[in-house]
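Novice: This is my_file_24.cif, which holds mmCIF, C-alpha atoms and all ligand atoms; chains and numbers go by the auth columns:
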```cif
data_work
#
loop_
_atom_site.group_PDB
_atom_site.id
_atom_site.type_symbol
_atom_site.label_atom_id
_atom_site.label_comp_id
_atom_site.label_asym_id
_atom_site.label_seq_id
_atom_site.Cartn_x
_atom_site.Cartn_y
_atom_site.Cartn_z
_atom_site.B_iso_or_equiv
_atom_site.auth_seq_id
_atom_site.auth_asym_id
ATOM 1 C CA MET A 1 29.756 -8.885 4.667 0.00 1 T
ATOM 2 C CA PRO A 2 29.139 -5.156 4.143 0.00 2 T
ATOM 3 C CA ILE A 3 27.769 -4.073 0.783 0.00 3 T
ATOM 4 C CA ASN A 4 29.700 -1.294 -0.894 0.00 4 T
ATOM 5 C CA VAL A 5 27.018 0.841 -2.528 0.00 5 T
ATOM 6 C CA ARG A 6 28.287 2.256 -5.802 0.00 6 T
ATOM 7 C CA PHE A 7 25.414 4.672 -6.387 0.00 7 T
ATOM 8 C CA ARG A 8 26.223 8.306 -5.778 0.00 8 T
ATOM 9 C CA PRO A 9 23.574 11.038 -6.002 0.00 9 T
ATOM 10 C CA LEU A 10 24.215 13.689 -8.647 0.00 10 T
ATOM 11 C CA PHE A 11 22.485 16.299 -6.506 0.00 11 T
ATOM 12 C CA PRO A 12 21.449 16.611 -2.852 0.00 12 T
ATOM 13 C CA ILE A 13 18.657 14.073 -2.478 0.00 13 T
ATOM 14 C CA ASP A 14 16.466 16.445 -0.455 0.00 14 T
ATOM 15 C CA ALA A 15 16.605 19.068 -3.220 0.00 15 T
ATOM 16 C CA SER A 16 15.763 17.940 -6.735 0.00 16 T
ATOM 17 C CA PRO A 17 17.858 19.499 -9.515 0.00 17 T
ATOM 18 C CA ARG A 18 14.954 21.439 -11.010 0.00 18 T
ATOM 19 C CA GLY A 19 13.384 22.500 -7.729 0.00 19 T
ATOM 20 C CA GLU A 20 10.651 19.867 -7.881 0.00 20 T
ATOM 21 C CA PRO A 21 8.907 18.997 -4.619 0.00 21 T
ATOM 22 C CA THR A 22 10.152 16.250 -2.342 0.00 22 T
ATOM 23 C CA VAL A 23 8.367 13.831 -0.029 0.00 23 T
ATOM 24 C CA GLY A 24 9.327 12.553 3.407 0.00 24 T
ATOM 25 C CA LEU A 25 9.543 8.845 4.135 0.00 25 T
ATOM 26 C CA TYR A 26 10.997 6.613 6.839 0.00 26 T
ATOM 27 C CA PHE A 27 13.337 3.664 6.618 0.00 27 T
ATOM 28 C CA ASP A 28 13.460 1.593 9.819 0.00 28 T
ATOM 29 C CA GLY A 29 12.287 4.719 11.615 0.00 29 T
ATOM 30 C CA ARG A 30 14.918 7.011 10.078 0.00 30 T
ATOM 31 C CA ALA A 31 13.435 10.079 8.367 0.00 31 T
ATOM 32 C CA MET A 32 14.627 10.915 4.865 0.00 32 T
ATOM 33 C CA ARG A 33 13.501 12.898 1.822 0.00 33 T
ATOM 34 C CA ALA A 34 13.347 12.101 -1.870 0.00 34 T
ATOM 35 C CA PRO A 35 12.031 13.785 -5.024 0.00 35 T
ATOM 36 C CA VAL A 36 8.408 13.100 -5.960 0.00 36 T
ATOM 37 C CA GLY A 37 8.249 10.238 -8.470 0.00 37 T
ATOM 38 C CA CYS A 38 11.522 8.695 -7.302 0.00 38 T
ATOM 39 C CA SER A 39 11.439 4.930 -6.696 0.00 39 T
ATOM 40 C CA VAL A 40 11.785 3.710 -3.124 0.00 40 T
ATOM 41 C CA ALA A 41 14.999 1.888 -4.091 0.00 41 T
ATOM 42 C CA ALA A 42 16.558 5.034 -5.581 0.00 42 T
ATOM 43 C CA ALA A 43 15.490 7.055 -2.541 0.00 43 T
ATOM 44 C CA LEU A 44 17.027 4.581 -0.086 0.00 44 T
ATOM 45 C CA LEU A 45 20.269 4.245 -2.064 0.00 45 T
ATOM 46 C CA ALA A 46 20.620 8.017 -2.344 0.00 46 T
ATOM 47 C CA ASN A 47 20.120 8.270 1.412 0.00 47 T
ATOM 48 C CA GLY A 48 22.944 5.814 2.088 0.00 48 T
ATOM 49 C CA VAL A 49 20.951 2.629 2.778 0.00 49 T
ATOM 50 C CA SER A 50 23.015 -0.422 1.794 0.00 50 T
ATOM 51 C CA THR A 51 20.961 -3.361 3.113 0.00 51 T
ATOM 52 C CA PHE A 52 17.366 -3.724 1.928 0.00 52 T
ATOM 53 C CA ARG A 53 16.771 -7.322 2.944 0.00 53 T
ATOM 54 C CA THR A 54 18.606 -10.302 4.388 0.00 54 T
ATOM 55 C CA THR A 55 18.474 -13.775 2.906 0.00 55 T
ATOM 56 C CA PRO A 56 16.414 -16.444 4.703 0.00 56 T
ATOM 57 C CA VAL A 57 19.156 -19.082 4.745 0.00 57 T
ATOM 58 C CA SER A 58 22.391 -17.298 5.652 0.00 58 T
ATOM 59 C CA GLY A 59 21.144 -13.842 6.639 0.00 59 T
ATOM 60 C CA ALA A 60 23.398 -12.255 4.021 0.00 60 T
ATOM 61 C CA PRO A 61 22.581 -8.630 3.194 0.00 61 T
ATOM 62 C CA ARG A 62 21.076 -7.777 -0.187 0.00 62 T
ATOM 63 C CA ALA A 63 20.560 -4.504 -2.062 0.00 63 T
ATOM 64 C CA PRO A 64 19.075 -3.591 -5.461 0.00 64 T
ATOM 65 C CA TYR A 65 20.878 -5.032 -8.449 0.00 65 T
ATOM 66 C CA CYS A 66 18.819 -4.614 -11.614 0.00 66 T
ATOM 67 C CA MET A 67 16.576 -1.621 -10.719 0.00 67 T
ATOM 68 C CA MET A 68 13.961 -2.929 -13.158 0.00 68 T
ATOM 69 C CA GLY A 69 11.990 -5.650 -11.387 0.00 69 T
ATOM 70 C CA ALA A 70 13.952 -8.731 -12.411 0.00 70 T
ATOM 71 C CA CYS A 71 16.248 -9.725 -9.526 0.00 71 T
ATOM 72 C CA PHE A 72 14.078 -9.324 -6.375 0.00 72 T
ATOM 73 C CA ASP A 73 17.096 -8.274 -4.320 0.00 73 T
ATOM 74 C CA CYS A 74 15.374 -4.999 -3.451 0.00 74 T
ATOM 75 C CA LEU A 75 12.522 -6.545 -1.430 0.00 75 T
ATOM 76 C CA VAL A 76 11.415 -4.462 1.550 0.00 76 T
ATOM 77 C CA GLU A 77 8.342 -4.048 3.701 0.00 77 T
ATOM 78 C CA ILE A 78 6.334 -0.964 2.680 0.00 78 T
ATOM 79 C CA ASP A 79 3.554 0.326 4.932 0.00 79 T
ATOM 80 C CA GLY A 80 3.293 -3.088 6.602 0.00 80 T
ATOM 81 C CA GLN A 81 3.208 -5.079 3.361 0.00 81 T
ATOM 82 C CA PRO A 82 6.203 -7.433 2.894 0.00 82 T
ATOM 83 C CA ASN A 83 7.809 -8.582 -0.359 0.00 83 T
ATOM 84 C CA ARG A 84 7.518 -5.252 -2.180 0.00 84 T
ATOM 85 C CA GLN A 85 9.993 -4.623 -4.977 0.00 85 T
ATOM 86 C CA SER A 86 11.282 -1.209 -3.977 0.00 86 T
ATOM 87 C CA CYS A 87 12.611 -0.462 -7.467 0.00 87 T
ATOM 88 C CA LEU A 88 9.039 -0.575 -8.821 0.00 88 T
ATOM 89 C CA VAL A 89 7.266 1.514 -6.163 0.00 89 T
ATOM 90 C CA ALA A 90 7.253 5.327 -6.153 0.00 90 T
ATOM 91 C CA VAL A 91 7.785 7.158 -2.875 0.00 91 T
ATOM 92 C CA THR A 92 4.805 8.762 -1.176 0.00 92 T
ATOM 93 C CA GLU A 93 4.569 11.189 1.724 0.00 93 T
ATOM 94 C CA GLY A 94 4.895 9.470 5.102 0.00 94 T
ATOM 95 C CA MET A 95 5.708 6.048 3.600 0.00 95 T
ATOM 96 C CA GLN A 96 7.050 3.599 6.197 0.00 96 T
ATOM 97 C CA VAL A 97 9.711 1.314 4.735 0.00 97 T
ATOM 98 C CA ARG A 98 11.394 -1.442 6.718 0.00 98 T
ATOM 99 C CA THR A 99 14.230 -3.886 6.110 0.00 99 T
ATOM 100 C CA GLN A 100 12.902 -7.315 5.182 0.00 100 T
ATOM 101 C CA ALA A 101 14.665 -9.868 7.341 0.00 101 T
ATOM 102 C CA GLY A 102 14.656 -13.480 6.211 0.00 102 T
ATOM 103 C CA LEU A 103 11.446 -15.390 5.512 0.00 103 T
ATOM 104 C CA ARG A 104 8.050 -13.798 5.066 0.00 104 T
ATOM 105 C CA SER A 105 4.818 -15.690 4.767 0.00 105 T
ATOM 106 C CA LEU A 106 2.834 -15.224 1.589 0.00 106 T
ATOM 107 C CA ASP A 107 -0.907 -14.646 1.630 0.00 107 T
ATOM 108 C CA CYS A 108 -2.305 -16.792 -1.156 0.00 108 T
ATOM 109 C CA GLY A 109 -6.023 -16.113 -0.883 0.00 109 T
ATOM 110 C CA GLY A 110 -6.260 -16.887 2.810 0.00 110 T
ATOM 111 C CA ALA A 111 -3.812 -19.798 2.853 0.00 111 T
ATOM 112 C CA ALA A 112 -0.517 -18.697 4.357 0.00 112 T
ATOM 113 C CA VAL A 113 2.417 -20.228 2.514 0.00 113 T
ATOM 114 C CA SER A 114 6.004 -20.134 3.690 0.00 114 T
ATOM 115 C CA GLU A 115 8.503 -18.610 1.285 0.00 115 T
ATOM 116 C CA GLU A 116 10.661 -21.605 2.099 0.00 116 T
ATOM 117 C CA ALA A 117 8.444 -23.578 -0.253 0.00 117 T
ATOM 118 C CA ALA A 118 8.361 -20.794 -2.839 0.00 118 T
ATOM 119 C CA HIS A 119 11.822 -19.516 -3.714 0.00 119 T
ATOM 120 C CA VAL A 120 14.174 -16.927 -2.276 0.00 120 T
ATOM 121 C CA GLU A 121 17.880 -16.237 -1.856 0.00 121 T
HETATM 122 S S1 LIG B . 16.398 -4.153 -8.017 0.00 201 T
HETATM 123 FE FE1 LIG B . 16.037 -5.986 -9.081 0.00 201 T
HETATM 124 S S2 LIG B . 13.919 -6.342 -8.747 0.00 201 T
HETATM 125 FE FE2 LIG B . 14.279 -4.454 -7.783 0.00 201 T
#
```
Taking this structure as input, can you express it in the form of structure tokens?
Ligand code: FES

Specialist:
Amino acid sequence: MPINVRFRPLFPIDASPRGEPTVGLYFDGRAMRAPVGCSVAAALLANGVSTFRTTPVSGAPRAPYCMMGACFDCLVEIDGQPNRQSCLVAVTEGMQVRTQAGLRSLDCGGAAVSEEAAHVE
């Protein structure tokens, strides 16, 4: 089921309204720009990304919902690290962001734990 993103940028995302600098980042290899200090979630939404992760059980697409760290629907892989809440991370130059597909293992002090046992969906 496609997600209809309801966020619309108020200004061109590669040019901040007050002329502040922007940074370049990549989402699944696609280059994009966002204002310095912008969250990864806001940057991806403004650049038209509508699926941030897929659920482990049904593979349903998910995108940010709360934008404040409560819902975990914005999980992505950032610079090789899975399970990052993109609404809580600021963009940095050259950041590599990837869609998080399904289950990810958790590193709990050397003991890998499946998210299946944790939570998710
Ligand atoms: S959008 Fe809800 S935790 Fe990030």

Novice: Can I get the residues close to ligand LIG 201 (chain T) as an MDAnalysis selection string, where close means within 12 Å and we count all atoms listed in the file?

Specialist: chainID T and resid 39:42 44:45 52:53 62:76 83:89

Novice: Got time to write the residues from that selection, C-alpha atoms, as a short mmCIF file (atom, residue, chain, number, x, y, z; two decimals), in the frame of the given file?

Specialist:
```cif
data_model
loop_
_atom_site.label_atom_id
_atom_site.label_comp_id
_atom_site.auth_asym_id
_atom_site.auth_seq_id
_atom_site.Cartn_x
_atom_site.Cartn_y
_atom_site.Cartn_z
CA SER T 39 11.44 4.93 -6.70
CA VAL T 40 11.78 3.71 -3.12
CA ALA T 41 15.00 1.89 -4.09
CA ALA T 42 16.56 5.03 -5.58
CA LEU T 44 17.03 4.58 -0.09
CA LEU T 45 20.27 4.24 -2.06
CA PHE T 52 17.37 -3.72 1.93
CA ARG T 53 16.77 -7.32 2.94
CA ARG T 62 21.08 -7.78 -0.19
CA ALA T 63 20.56 -4.50 -2.06
CA PRO T 64 19.08 -3.59 -5.46
CA TYR T 65 20.88 -5.03 -8.45
CA CYS T 66 18.82 -4.61 -11.61
CA MET T 67 16.58 -1.62 -10.72
CA MET T 68 13.96 -2.93 -13.16
CA GLY T 69 11.99 -5.65 -11.39
CA ALA T 70 13.95 -8.73 -12.41
CA CYS T 71 16.25 -9.72 -9.53
CA PHE T 72 14.08 -9.32 -6.38
CA ASP T 73 17.10 -8.27 -4.32
CA CYS T 74 15.37 -5.00 -3.45
CA LEU T 75 12.52 -6.54 -1.43
CA VAL T 76 11.42 -4.46 1.55
CA ASN T 83 7.81 -8.58 -0.36
CA ARG T 84 7.52 -5.25 -2.18
CA GLN T 85 9.99 -4.62 -4.98
CA SER T 86 11.28 -1.21 -3.98
CA CYS T 87 12.61 -0.46 -7.47
CA LEU T 88 9.04 -0.57 -8.82
CA VAL T 89 7.27 1.51 -6.16
#
```

Novice: Pull out every residue that the PyMOL selection byres (((chain T and resi 59) around 12) and not hetatm) matches in the shown coordinates and put them as a list of chain:residue names.

Specialist: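 Selection result, ordered by chain and number: T:Met1, T:Thr51, T:Phe52, T:Arg53, T:Thr54, T:Thr55, T:Pro56, T:Val57, T:Ser58, T:Ala60, T:Pro61, T:Arg62, T:Gln100, T:Ala101, T:Gly102, T:Leu103, T:Val120, T:Glu121.
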
Novice: Contacts of T:Arg98 at 10 Å or less, counting only C-alpha atoms, minus same-chain residues fewer than 4 places along, as a PDB file with C-alpha atoms, in the frame of the given file?

Specialist:
```
ATOM      1  CA  TYR T  26      10.997   6.613   6.839  1.00  0.00           C
ATOM      2  CA  PHE T  27      13.337   3.664   6.618  1.00  0.00           C
ATOM      3  CA  ASP T  28      13.460   1.593   9.819  1.00  0.00           C
ATOM      4  CA  GLY T  29      12.287   4.719  11.615  1.00  0.00           C
ATOM      5  CA  ARG T  30      14.918   7.011  10.078  1.00  0.00           C
ATOM      6  CA  PHE T  52      17.366  -3.724   1.928  1.00  0.00           C
ATOM      7  CA  ARG T  53      16.771  -7.322   2.944  1.00  0.00           C
ATOM      8  CA  LEU T  75      12.522  -6.545  -1.430  1.00  0.00           C
ATOM      9  CA  VAL T  76      11.415  -4.462   1.550  1.00  0.00           C
ATOM     10  CA  GLU T  77       8.342  -4.048   3.701  1.00  0.00           C
ATOM     11  CA  ILE T  78       6.334  -0.964   2.680  1.00  0.00           C
ATOM     12  CA  ASP T  79       3.554   0.326   4.932  1.00  0.00           C
ATOM     13  CA  GLY T  80       3.293  -3.088   6.602  1.00  0.00           C
ATOM     14  CA  GLN T  81       3.208  -5.079   3.361  1.00  0.00           C
ATOM     15  CA  PRO T  82       6.203  -7.433   2.894  1.00  0.00           C
TER      16      PRO T  82
END
```

Novice: Applied to the shown file, which residues does the PyMOL selection byres (((chain T and resi 25) around 7) and not hetatm) return, written as an MDAnalysis selection string?

Specialist: chainID T and resid 23:24 26:27 31:33 93:96

Novice: Just give me the gap between atom CA of T:Asn47 and atom CA of T:Glu20 in Å, one decimal is fine.

Specialist: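 Atom-to-atom, atom CA of T:Asn47 and atom CA of T:Glu20 are spaced 17.6 Å apart.
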
Novice: Just checking: using only C-alpha atoms, which residue out of T:Gly19, T:Ser50, T:Arg104, T:Ala34 ends up closest to T:Val91?

Specialist: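 Closest candidate: T:Ala34.
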